[in-house]
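A.B. asks: You'll find structure-v3.cif just under this line, and it carries mmCIF, C-alpha atoms and all ligand atoms.
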```
data_entry
#
loop_
_atom_site.group_PDB
_atom_site.id
_atom_site.type_symbol
_atom_site.label_atom_id
_atom_site.label_comp_id
_atom_site.auth_asym_id
_atom_site.auth_seq_id
_atom_site.Cartn_x
_atom_site.Cartn_y
_atom_site.Cartn_z
ATOM 1 C CA MET L 1 -5.659 3.845 -18.484
ATOM 2 C CA ASP L 2 -9.051 3.786 -16.786
ATOM 3 C CA ASN L 3 -9.999 0.313 -17.966
ATOM 4 C CA LYS L 4 -6.781 -1.258 -16.687
ATOM 5 C CA ALA L 5 -6.602 -3.273 -13.499
ATOM 6 C CA LEU L 6 -5.283 -1.369 -10.490
ATOM 7 C CA LEU L 7 -2.214 -2.962 -8.935
ATOM 8 C CA ARG L 8 -1.458 -2.711 -5.265
ATOM 9 C CA MET L 9 2.251 -2.648 -4.549
ATOM 10 C CA ALA L 10 3.766 -3.195 -1.103
ATOM 11 C CA VAL L 11 6.761 -0.962 -0.351
ATOM 12 C CA GLN L 12 8.787 -0.682 2.860
ATOM 13 C CA ALA L 13 7.273 2.151 4.938
ATOM 14 C CA LYS L 14 10.617 3.350 6.215
ATOM 15 C CA GLY L 15 14.099 1.924 6.168
ATOM 16 C CA ARG L 16 16.821 1.131 3.716
ATOM 17 C CA LEU L 17 14.616 0.115 0.802
ATOM 18 C CA ASN L 18 11.995 2.862 1.030
ATOM 19 C CA GLU L 19 13.816 5.683 -0.685
ATOM 20 C CA GLU L 20 15.198 3.699 -3.607
ATOM 21 C CA SER L 21 11.852 1.980 -4.170
ATOM 22 C CA ILE L 22 10.055 5.322 -4.457
ATOM 23 C CA GLU L 23 12.905 6.699 -6.579
ATOM 24 C CA LEU L 24 12.609 3.764 -8.991
ATOM 25 C CA LEU L 25 8.881 4.421 -9.338
ATOM 26 C CA GLY L 26 9.641 8.102 -10.008
ATOM 27 C CA GLU L 27 12.159 7.221 -12.729
ATOM 28 C CA ALA L 28 9.507 4.965 -14.249
ATOM 29 C CA GLY L 29 7.157 7.970 -14.465
ATOM 30 C CA ILE L 30 5.059 7.006 -11.436
ATOM 31 C CA THR L 31 4.495 9.697 -8.826
ATOM 32 C CA VAL L 32 3.517 8.563 -5.366
ATOM 33 C CA GLU L 33 1.297 10.959 -3.454
ATOM 34 C CA GLU L 34 3.253 12.160 -0.430
ATOM 35 C CA SER L 35 2.083 11.474 3.118
ATOM 36 C CA LYS L 36 3.804 8.417 4.512
ATOM 37 C CA ARG L 37 1.435 8.461 7.450
ATOM 38 C CA LYS L 38 -1.187 6.915 5.257
ATOM 39 C CA LEU L 39 -1.089 3.165 4.819
ATOM 40 C CA VAL L 40 -2.116 3.332 1.176
ATOM 41 C CA ALA L 41 -0.888 6.054 -1.193
ATOM 42 C CA ARG L 42 -2.362 6.729 -4.592
ATOM 43 C CA CYS L 43 -0.090 7.199 -7.584
ATOM 44 C CA GLY L 44 -0.143 9.232 -10.756
ATOM 45 C CA GLY L 45 1.098 8.078 -14.149
ATOM 46 C CA PHE L 46 0.322 4.386 -13.765
ATOM 47 C CA PRO L 47 -2.524 2.230 -12.398
ATOM 48 C CA VAL L 48 -0.826 1.349 -9.135
ATOM 49 C CA GLU L 49 -1.244 2.220 -5.483
ATOM 50 C CA VAL L 50 1.404 1.852 -2.802
ATOM 51 C CA LEU L 51 0.792 -0.038 0.431
ATOM 52 C CA TYR L 52 3.398 0.910 3.043
ATOM 53 C CA LEU L 53 4.445 -2.000 5.269
ATOM 54 C CA ARG L 54 7.348 -3.184 7.404
ATOM 55 C CA ASP L 55 9.630 -5.210 5.191
ATOM 56 C CA ASP L 56 9.035 -8.319 7.348
ATOM 57 C CA ASP L 57 5.361 -8.280 6.378
ATOM 58 C CA ILE L 58 5.771 -7.815 2.628
ATOM 59 C CA PRO L 59 6.293 -11.479 1.586
ATOM 60 C CA GLN L 60 3.160 -12.526 3.476
ATOM 61 C CA ALA L 61 1.089 -9.609 2.173
ATOM 62 C CA VAL L 62 1.973 -10.565 -1.404
ATOM 63 C CA ALA L 63 1.517 -14.302 -0.857
ATOM 64 C CA MET L 64 -1.964 -13.621 0.560
ATOM 65 C CA GLY L 65 -2.904 -11.229 -2.231
ATOM 66 C CA VAL L 66 -3.277 -8.268 0.157
ATOM 67 C CA ALA L 67 -0.805 -6.699 -2.274
ATOM 68 C CA ASP L 68 -0.359 -7.934 -5.847
ATOM 69 C CA ILE L 69 3.338 -7.117 -5.993
ATOM 70 C CA GLY L 70 5.962 -5.827 -3.593
ATOM 71 C CA ILE L 71 9.529 -4.609 -3.328
ATOM 72 C CA VAL L 72 11.486 -6.432 -0.634
ATOM 73 C CA GLY L 73 14.929 -7.851 0.061
ATOM 74 C CA LEU L 74 15.495 -11.392 -1.192
ATOM 75 C CA ASN L 75 16.725 -12.149 2.350
ATOM 76 C CA GLU L 76 13.238 -11.500 3.753
ATOM 77 C CA VAL L 77 11.602 -13.563 1.018
ATOM 78 C CA GLU L 78 13.873 -16.517 1.792
ATOM 79 C CA GLU L 79 13.501 -16.174 5.541
ATOM 80 C CA LYS L 80 9.727 -15.968 5.620
ATOM 81 C CA GLY L 81 9.260 -18.843 3.201
ATOM 82 C CA TYR L 82 5.936 -17.668 1.730
ATOM 83 C CA THR L 83 5.249 -18.660 -1.845
ATOM 84 C CA VAL L 84 5.700 -15.602 -4.027
ATOM 85 C CA ASP L 85 6.992 -15.221 -7.575
ATOM 86 C CA ILE L 86 10.314 -13.415 -7.920
ATOM 87 C CA LEU L 87 9.481 -11.264 -10.916
ATOM 88 C CA HIS L 88 12.586 -9.136 -11.189
ATOM 89 C CA LYS L 89 15.852 -8.308 -9.461
ATOM 90 C CA LEU L 90 16.051 -4.589 -8.906
ATOM 91 C CA GLY L 91 19.774 -4.033 -8.411
ATOM 92 C CA PHE L 92 19.630 -2.002 -5.197
ATOM 93 C CA GLY L 93 19.692 -2.942 -1.502
ATOM 94 C CA ALA L 94 22.615 -5.263 -2.130
ATOM 95 C CA CYS L 95 23.880 -7.105 0.920
ATOM 96 C CA ARG L 96 24.755 -10.626 2.007
ATOM 97 C CA LEU L 97 23.880 -12.871 4.903
ATOM 98 C CA SER L 98 27.039 -14.058 6.575
ATOM 99 C CA LEU L 99 28.340 -15.870 9.601
ATOM 100 C CA ALA L 100 30.809 -13.873 11.665
ATOM 101 C CA VAL L 101 32.907 -14.860 14.652
ATOM 102 C CA PRO L 102 34.874 -12.805 17.199
ATOM 103 C CA LYS L 103 38.397 -11.964 16.063
ATOM 104 C CA GLY L 104 40.853 -14.457 17.447
ATOM 105 C CA ALA L 105 38.196 -17.150 17.940
ATOM 106 C CA GLY L 106 40.393 -19.652 16.123
ATOM 107 C CA TYR L 107 37.954 -20.218 13.277
ATOM 108 C CA ASP L 108 39.086 -23.191 11.220
ATOM 109 C CA GLY L 109 36.156 -24.017 8.954
ATOM 110 C CA THR L 110 32.415 -24.611 9.310
ATOM 111 C CA GLY L 111 33.001 -27.424 11.822
ATOM 112 C CA TRP L 112 33.875 -24.662 14.295
ATOM 113 C CA PHE L 113 30.148 -23.871 14.650
ATOM 114 C CA ALA L 114 29.279 -27.321 16.057
ATOM 115 C CA GLY L 115 27.773 -26.869 19.516
ATOM 116 C CA LYS L 116 28.136 -23.070 19.359
ATOM 117 C CA ARG L 117 25.403 -20.479 20.030
ATOM 118 C CA ILE L 118 24.663 -18.298 17.010
ATOM 119 C CA ALA L 119 22.569 -15.128 17.332
ATOM 120 C CA THR L 120 20.507 -14.096 14.313
ATOM 121 C CA SER L 121 17.323 -12.485 13.023
ATOM 122 C CA TYR L 122 17.322 -15.026 10.185
ATOM 123 C CA PRO L 123 16.841 -18.371 11.941
ATOM 124 C CA SER L 124 15.178 -20.200 9.016
ATOM 125 C CA ILE L 125 17.902 -19.452 6.485
ATOM 126 C CA LEU L 126 20.572 -20.347 9.035
ATOM 127 C CA ARG L 127 18.829 -23.574 10.051
ATOM 128 C CA ARG L 128 18.664 -24.656 6.414
ATOM 129 C CA TYR L 129 22.331 -23.803 5.915
ATOM 130 C CA PHE L 130 23.462 -25.745 8.974
ATOM 131 C CA GLU L 131 21.281 -28.720 7.996
ATOM 132 C CA GLY L 132 22.810 -28.713 4.521
ATOM 133 C CA ALA L 133 26.303 -28.577 5.998
ATOM 134 C CA GLY L 134 25.521 -31.245 8.614
ATOM 135 C CA ILE L 135 26.316 -28.921 11.517
ATOM 136 C CA ARG L 136 24.478 -29.002 14.834
ATOM 137 C CA ALA L 137 24.560 -25.568 16.441
ATOM 138 C CA GLU L 138 22.249 -23.626 18.747
ATOM 139 C CA ILE L 139 20.391 -20.905 16.881
ATOM 140 C CA HIS L 140 19.264 -17.988 19.066
ATOM 141 C CA GLU L 141 16.754 -15.699 17.404
ATOM 142 C CA ILE L 142 17.045 -12.063 18.439
ATOM 143 C CA ALA L 143 15.260 -9.153 16.849
ATOM 144 C CA GLY L 144 17.863 -6.413 16.686
ATOM 145 C CA SER L 145 21.500 -5.480 17.375
ATOM 146 C CA VAL L 146 22.641 -8.998 16.594
ATOM 147 C CA GLU L 147 26.220 -7.759 16.245
ATOM 148 C CA ILE L 148 26.602 -7.011 19.961
ATOM 149 C CA ALA L 149 25.472 -10.495 21.090
ATOM 150 C CA PRO L 150 28.980 -12.030 21.264
ATOM 151 C CA SER L 151 30.506 -9.153 23.227
ATOM 152 C CA VAL L 152 27.767 -9.319 25.884
ATOM 153 C CA GLY L 153 28.067 -13.077 26.178
ATOM 154 C CA MET L 154 24.736 -13.920 24.518
ATOM 155 C CA ALA L 155 26.297 -15.846 21.645
ATOM 156 C CA ASP L 156 29.561 -17.280 20.309
ATOM 157 C CA ALA L 157 28.966 -16.021 16.765
ATOM 158 C CA ILE L 158 26.384 -14.222 14.672
ATOM 159 C CA PHE L 159 24.576 -14.653 11.389
ATOM 160 C CA ASP L 160 23.525 -11.288 10.001
ATOM 161 C CA ILE L 161 23.256 -8.893 7.083
ATOM 162 C CA VAL L 162 26.578 -7.487 5.921
ATOM 163 C CA SER L 163 27.122 -4.832 3.304
ATOM 164 C CA SER L 164 30.359 -2.892 3.815
ATOM 165 C CA GLY L 165 31.436 -4.957 6.803
ATOM 166 C CA GLY L 166 32.001 -1.821 8.918
ATOM 167 C CA THR L 167 29.544 -2.879 11.629
ATOM 168 C CA LEU L 168 31.335 -6.209 12.055
ATOM 169 C CA VAL L 169 34.738 -4.551 12.361
ATOM 170 C CA ARG L 170 33.442 -2.064 14.943
ATOM 171 C CA ASN L 171 32.182 -4.976 17.012
ATOM 172 C CA GLY L 172 35.376 -7.013 16.798
ATOM 173 C CA LEU L 173 33.877 -9.613 14.458
ATOM 174 C CA THR L 174 35.252 -11.301 11.333
ATOM 175 C CA GLU L 175 33.058 -12.493 8.486
ATOM 176 C CA VAL L 176 33.870 -16.143 7.875
ATOM 177 C CA GLU L 177 31.111 -17.631 5.663
ATOM 178 C CA THR L 178 28.728 -15.998 3.181
ATOM 179 C CA VAL L 179 25.485 -17.933 3.109
ATOM 180 C CA MET L 180 23.458 -15.891 0.617
ATOM 181 C CA ASP L 181 23.644 -12.772 -1.510
ATOM 182 C CA SER L 182 20.632 -10.500 -1.468
ATOM 183 C CA GLU L 183 19.213 -7.475 -3.236
ATOM 184 C CA ALA L 184 15.811 -5.858 -3.558
ATOM 185 C CA VAL L 185 13.447 -7.882 -5.733
ATOM 186 C CA LEU L 186 9.986 -7.334 -7.163
ATOM 187 C CA VAL L 187 7.780 -10.149 -5.915
ATOM 188 C CA GLY L 188 4.335 -11.066 -7.159
ATOM 189 C CA ASP L 189 1.269 -12.913 -5.911
ATOM 190 C CA PRO L 190 1.286 -16.271 -7.746
ATOM 191 C CA ALA L 191 -2.532 -16.084 -7.911
ATOM 192 C CA MET L 192 -2.615 -12.755 -9.793
ATOM 193 C CA ASP L 193 -5.069 -12.746 -12.695
ATOM 194 C CA GLU L 194 -4.083 -12.158 -16.317
ATOM 195 C CA GLN L 195 -5.399 -8.573 -16.328
ATOM 196 C CA LYS L 196 -3.070 -7.639 -13.489
ATOM 197 C CA ARG L 197 -0.195 -9.591 -14.998
ATOM 198 C CA ALA L 198 -0.513 -7.467 -18.130
ATOM 199 C CA VAL L 199 -0.110 -4.331 -16.011
ATOM 200 C CA VAL L 200 2.896 -5.880 -14.230
ATOM 201 C CA ARG L 201 4.519 -6.512 -17.629
ATOM 202 C CA GLN L 202 4.116 -2.836 -18.481
ATOM 203 C CA LEU L 203 5.651 -1.883 -15.153
ATOM 204 C CA LEU L 204 8.629 -4.187 -15.785
ATOM 205 C CA PHE L 205 9.063 -2.700 -19.252
ATOM 206 C CA ARG L 206 9.480 0.705 -17.585
ATOM 207 C CA PHE L 207 11.817 -0.602 -14.876
ATOM 208 C CA GLU L 208 14.005 -2.260 -17.497
ATOM 209 C CA ALA L 209 14.260 0.957 -19.526
ATOM 210 C CA VAL L 210 15.435 2.766 -16.400
ATOM 211 C CA GLU L 211 17.893 -0.010 -15.504
ATOM 212 C CA ARG L 212 19.446 -0.114 -18.954
ATOM 213 C CA SER L 213 20.318 3.562 -18.703
ATOM 214 C CA ARG L 214 22.037 3.147 -15.321
ATOM 215 C CA GLY L 215 25.763 3.756 -15.580
ATOM 216 C CA MET L 216 25.475 4.855 -19.210
ATOM 217 C CA LYS L 217 26.363 8.280 -20.610
ATOM 218 C CA TYR L 218 25.425 9.895 -23.879
ATOM 219 C CA VAL L 219 28.490 11.476 -25.439
ATOM 220 C CA LEU L 220 28.671 13.839 -28.396
ATOM 221 C CA MET L 221 31.724 15.389 -29.965
ATOM 222 C CA ASN L 222 33.095 16.957 -33.095
ATOM 223 C CA LEU L 223 35.550 14.859 -35.036
ATOM 224 C CA PRO L 224 37.567 15.264 -38.236
ATOM 225 C CA ARG L 225 35.719 13.215 -40.904
ATOM 226 C CA GLU L 226 38.731 11.136 -41.863
ATOM 227 C CA ARG L 227 39.028 9.794 -38.281
ATOM 228 C CA VAL L 228 35.483 8.343 -38.124
ATOM 229 C CA ASP L 229 36.582 4.746 -38.715
ATOM 230 C CA GLU L 230 39.071 4.965 -35.875
ATOM 231 C CA ALA L 231 36.384 6.446 -33.609
ATOM 232 C CA VAL L 232 33.928 3.660 -34.474
ATOM 233 C CA ALA L 233 36.585 1.109 -33.508
ATOM 234 C CA LEU L 234 36.955 2.843 -30.138
ATOM 235 C CA LEU L 235 33.217 2.938 -29.432
ATOM 236 C CA PRO L 236 31.420 -0.368 -29.136
ATOM 237 C CA GLY L 237 28.120 1.421 -28.501
ATOM 238 C CA MET L 238 24.535 0.186 -28.566
ATOM 239 C CA LYS L 239 24.681 -0.354 -32.317
ATOM 240 C CA SER L 240 27.381 1.830 -33.790
ATOM 241 C CA PRO L 241 27.873 5.521 -33.088
ATOM 242 C CA THR L 242 25.715 8.009 -34.976
ATOM 243 C CA VAL L 243 27.674 10.207 -37.377
ATOM 244 C CA LEU L 244 26.103 13.485 -38.515
ATOM 245 C CA PRO L 245 27.511 15.901 -41.089
ATOM 246 C CA LEU L 246 28.526 19.410 -40.043
ATOM 247 C CA ALA L 247 28.473 22.585 -42.174
ATOM 248 C CA ASP L 248 32.262 22.351 -42.248
ATOM 249 C CA LYS L 249 32.797 19.404 -44.640
ATOM 250 C CA GLY L 250 36.005 18.307 -42.937
ATOM 251 C CA TRP L 251 34.219 17.646 -39.646
ATOM 252 C CA CYS L 252 31.331 15.566 -38.339
ATOM 253 C CA SER L 253 29.387 15.223 -35.116
ATOM 254 C CA LEU L 254 29.646 11.828 -33.461
ATOM 255 C CA HIS L 255 27.095 10.559 -30.881
ATOM 256 C CA ALA L 256 27.586 7.440 -28.799
ATOM 257 C CA VAL L 257 26.416 5.721 -25.615
ATOM 258 C CA ILE L 258 29.322 4.878 -23.343
ATOM 259 C CA ARG L 259 29.410 2.928 -20.095
ATOM 260 C CA GLU L 260 30.408 5.299 -17.316
ATOM 261 C CA SER L 261 33.147 2.966 -16.098
ATOM 262 C CA ASP L 262 34.821 3.171 -19.539
ATOM 263 C CA LEU L 263 34.117 6.870 -20.051
ATOM 264 C CA TRP L 264 37.501 8.463 -19.360
ATOM 265 C CA GLU L 265 39.484 5.821 -21.187
ATOM 266 C CA ARG L 266 37.253 6.218 -24.274
ATOM 267 C CA ILE L 267 37.421 9.998 -24.121
ATOM 268 C CA GLU L 268 41.207 9.954 -23.923
ATOM 269 C CA GLY L 269 41.272 7.711 -26.997
ATOM 270 C CA LEU L 270 38.874 10.006 -28.858
ATOM 271 C CA LYS L 271 40.853 13.116 -27.998
ATOM 272 C CA ALA L 272 43.977 11.396 -29.273
ATOM 273 C CA ILE L 273 42.357 11.028 -32.722
ATOM 274 C CA GLY L 274 41.257 14.669 -32.803
ATOM 275 C CA ALA L 275 37.833 14.772 -31.077
ATOM 276 C CA GLU L 276 36.870 18.218 -29.786
ATOM 277 C CA ASP L 277 33.985 19.861 -27.898
ATOM 278 C CA ILE L 278 33.058 16.649 -26.125
ATOM 279 C CA LEU L 279 29.712 16.764 -24.278
ATOM 280 C CA VAL L 280 28.799 14.076 -21.735
ATOM 281 C CA LEU L 281 25.071 13.860 -20.972
ATOM 282 C CA THR L 282 23.085 11.887 -18.435
ATOM 283 C CA MET L 283 20.787 9.189 -19.805
ATOM 284 C CA GLU L 284 17.325 8.628 -18.386
ATOM 285 C CA LYS L 285 15.894 5.668 -20.236
ATOM 286 C CA ILE L 286 16.913 3.219 -22.930
ATOM 287 C CA ILE L 287 14.025 1.620 -24.792
ATOM 288 C CA PRO L 288 15.174 -0.932 -27.338
HETATM 289 P P1 LIG P 1 11.384 -2.644 8.897
HETATM 290 O O1 LIG P 1 11.090 -1.596 9.898
HETATM 291 O O2 LIG P 1 10.680 -2.391 7.609
HETATM 292 O O3 LIG P 1 11.182 -4.035 9.423
HETATM 293 P P2 LIG P 1 14.214 -3.301 8.980
HETATM 294 O O4 LIG P 1 14.864 -2.582 10.087
HETATM 295 O O5 LIG P 1 13.863 -4.744 9.145
HETATM 296 O O6 LIG P 1 12.930 -2.473 8.525
HETATM 297 P P3 LIG P 1 16.190 -2.222 7.102
HETATM 298 O O7 LIG P 1 17.383 -2.093 7.982
HETATM 299 O O8 LIG P 1 15.495 -0.990 6.672
HETATM 300 O O9 LIG P 1 15.115 -3.276 7.682
HETATM 301 O O10 LIG P 1 16.657 -3.058 5.831
HETATM 302 C C1 LIG P 1 15.759 -3.442 4.832
HETATM 303 C C2 LIG P 1 16.460 -4.337 3.846
HETATM 304 O O11 LIG P 1 17.506 -3.611 3.205
HETATM 305 C C3 LIG P 1 17.145 -5.558 4.396
HETATM 306 O O12 LIG P 1 16.254 -6.628 4.640
HETATM 307 C C4 LIG P 1 18.115 -5.895 3.269
HETATM 308 O O13 LIG P 1 17.437 -6.583 2.232
HETATM 309 C C5 LIG P 1 18.500 -4.524 2.731
HETATM 310 N N1 LIG P 1 19.863 -4.059 3.127
HETATM 311 C C6 LIG P 1 20.818 -3.676 2.281
HETATM 312 N N2 LIG P 1 21.936 -3.315 2.922
HETATM 313 C C7 LIG P 1 21.720 -3.469 4.202
HETATM 314 C C8 LIG P 1 22.505 -3.264 5.376
HETATM 315 N N3 LIG P 1 23.750 -2.826 5.324
HETATM 316 N N4 LIG P 1 21.944 -3.511 6.560
HETATM 317 C C9 LIG P 1 20.663 -3.923 6.623
HETATM 318 N N5 LIG P 1 19.876 -4.141 5.543
HETATM 319 C C10 LIG P 1 20.387 -3.937 4.342
HETATM 320 MG MG MG P 2 12.222 -5.660 9.104
#
```
For the structure just supplied, provide its representation as structure tokens.
Ligand code: ATP
Ligand code: MG

C.D. replies:
Amino acid sequence: MDNKALLRMAVQAKGRLNEESIELLGEAGITVEESKRKLVARCGGFPVEVLYLRDDDIPQAVAMGVADIGIVGLNEVEEKGYTVDILHKLGFGACRLSLAVPKGAGYDGTGWFAGKRIATSYPSILRRYFEGAGIRAEIHEIAGSVEIAPSVGMADAIFDIVSSGGTLVRNGLTEVETVMDSEAVLVGDPAMDEQKRAVVRQLLFRFEAVERSRGMKYVLMNLPRERVDEAVALLPGMKSPTVLPLADKGWCSLHAVIRESDLWERIEGLKAIGAEDILVLTMEKIIP
């Protein structure tokens, strides 16, 4: 790998996206040298190094080419407005940006916000939303603890990140409008050269193999031979299940990939047609 371009990847130094970003790299066979105190960490297993930043700074770092790629929430990308390529959605860090009002505020539609004070850390996204909806409201940018602004009299409503909604409930707020859905994305410097792009494609190939295996289980079982057709009908696997002969001619071994959410229903069906000794194994990667 020595002749390949070295990619620099921006990752959140600490916070909600840090752990899952590093975990994704690990699953893709990339080990990040420990020591978060360092700004740049070297990696094994792939020509990449990790630049630890605050998530707010990642879109700019990638747009400027300080990092070639980065993992950051789509919400930050949209808010900061820097030109970066969204290379891939990563499926973690899911949340939404929503407007919330105090319970009992008599919310009756977006017109309610006219002339109101809205506290947020995402003023650009909110401004664009209000402009699109033709609403004139006062946007108050605050850096943290947006959810307490209404109760201390700093705002009439808030616009903030919501995931479970628990924080809103604890602060007596009701979510009334979802403005955008977000998740962690891999962003890239639009000016990256072809050599680096080739390395990014290899990285995405690994990420996709990891993603495909998420929520999938590898299941093997023994089955009476004459029930194979029924089992195949029950198992819409990747292609069709693999059937292997056993020493006992009346039986075979059946292997299949099953989505975890369907697992118990499928297993009950298989048991009903005589499947025995069912093993359920974790999958690591699926490479088509
Ligand atoms: P930094 O110190 O890097 O600026 P931060 O405090 O701004 O960190 P975090 O709270 O760590 O940010 O959140 C990082 C990202 O995680 C958010 O921008 C968002 O994309 C995502 N996220 C997912 N769920 C949530 C949630 N419930 N609350 C906040 N962020 C969430
Ligand atoms: Mg931040």

A.B. asks: On this structure, which residues satisfy the PyMOL selection byres (((chain L and resi 74-86) around 10) and not hetatm), written as a VMD selection string?

C.D. replies: chain L and resid 55 to 65 68 to 73 87 to 89 93 to 97 121 to 126 128 161 180 to 191

A.B. asks: Closest to Gly115 in chain L among L:Ala155, L:Ile258, L:Leu53, L:Ala231, using all atoms listed in the file?

C.D. replies: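 That would be L:Ala155, the residue with the smallest distance to Gly115 in chain L.
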
A.B. asks: Nearest residue to Glu175 in chain L out of L:Lys4, L:Arg37, L:Arg16, L:Lys103, using all atoms listed in the file?

C.D. replies: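 Using all atoms listed in the file, the shortest distance to Glu175 in chain L belongs to L:Lys103.
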
A.B. asks: Just checking: using all atoms listed in the file, which residue out of L:Gly274, L:Gly106, L:Pro241, L:Gly144 ends up closest to ligand LIG 1 (chain P)?

C.D. replies: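 Among the listed residues, the smallest separation from ligand LIG 1 (chain P) belongs to L:Gly144.
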
A.B. asks: To test your reading of the syntax: which residues would the PyMOL selection byres (((chain L and resi 207-214) around 7) and not hetatm) return for the file shown? Reply as a ChimeraX atom specification.

C.D. replies: /L:27-28,203-206,215-216,283-287

A.B. asks: Please write as a short mmCIF file (atom, residue, chain, number, x, y, z; two decimals) with C-alpha atoms, in the frame of the given file the list of polymer residues whose atoms come within 12 Å of (22.7, -25.5, 10.8), counting all atoms listed in the file and keeping to the coordinates of the file.

C.D. replies:
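Written output follows (selection.cif):
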```cif
data_model
loop_
_atom_site.label_atom_id
_atom_site.label_comp_id
_atom_site.auth_asym_id
_atom_site.auth_seq_id
_atom_site.Cartn_x
_atom_site.Cartn_y
_atom_site.Cartn_z
CA LEU L 99 28.34 -15.87 9.60
CA THR L 110 32.42 -24.61 9.31
CA GLY L 111 33.00 -27.42 11.82
CA TRP L 112 33.88 -24.66 14.30
CA PHE L 113 30.15 -23.87 14.65
CA ALA L 114 29.28 -27.32 16.06
CA GLY L 115 27.77 -26.87 19.52
CA LYS L 116 28.14 -23.07 19.36
CA ARG L 117 25.40 -20.48 20.03
CA ILE L 118 24.66 -18.30 17.01
CA TYR L 122 17.32 -15.03 10.18
CA PRO L 123 16.84 -18.37 11.94
CA SER L 124 15.18 -20.20 9.02
CA ILE L 125 17.90 -19.45 6.48
CA LEU L 126 20.57 -20.35 9.04
CA ARG L 127 18.83 -23.57 10.05
CA ARG L 128 18.66 -24.66 6.41
CA TYR L 129 22.33 -23.80 5.92
CA PHE L 130 23.46 -25.74 8.97
CA GLU L 131 21.28 -28.72 8.00
CA GLY L 132 22.81 -28.71 4.52
CA ALA L 133 26.30 -28.58 6.00
CA GLY L 134 25.52 -31.24 8.61
CA ILE L 135 26.32 -28.92 11.52
CA ARG L 136 24.48 -29.00 14.83
CA ALA L 137 24.56 -25.57 16.44
CA GLU L 138 22.25 -23.63 18.75
CA ILE L 139 20.39 -20.90 16.88
CA HIS L 140 19.26 -17.99 19.07
CA PHE L 159 24.58 -14.65 11.39
CA VAL L 179 25.48 -17.93 3.11
#
```

A.B. asks: Give me the residues within 7 Å of Lys217 in chain L as number ranges by chain, counting all atoms listed in the file and dropping any in the same chain fewer than 2 places off.

C.D. replies: L: 215, 219, 257-260, 280-283
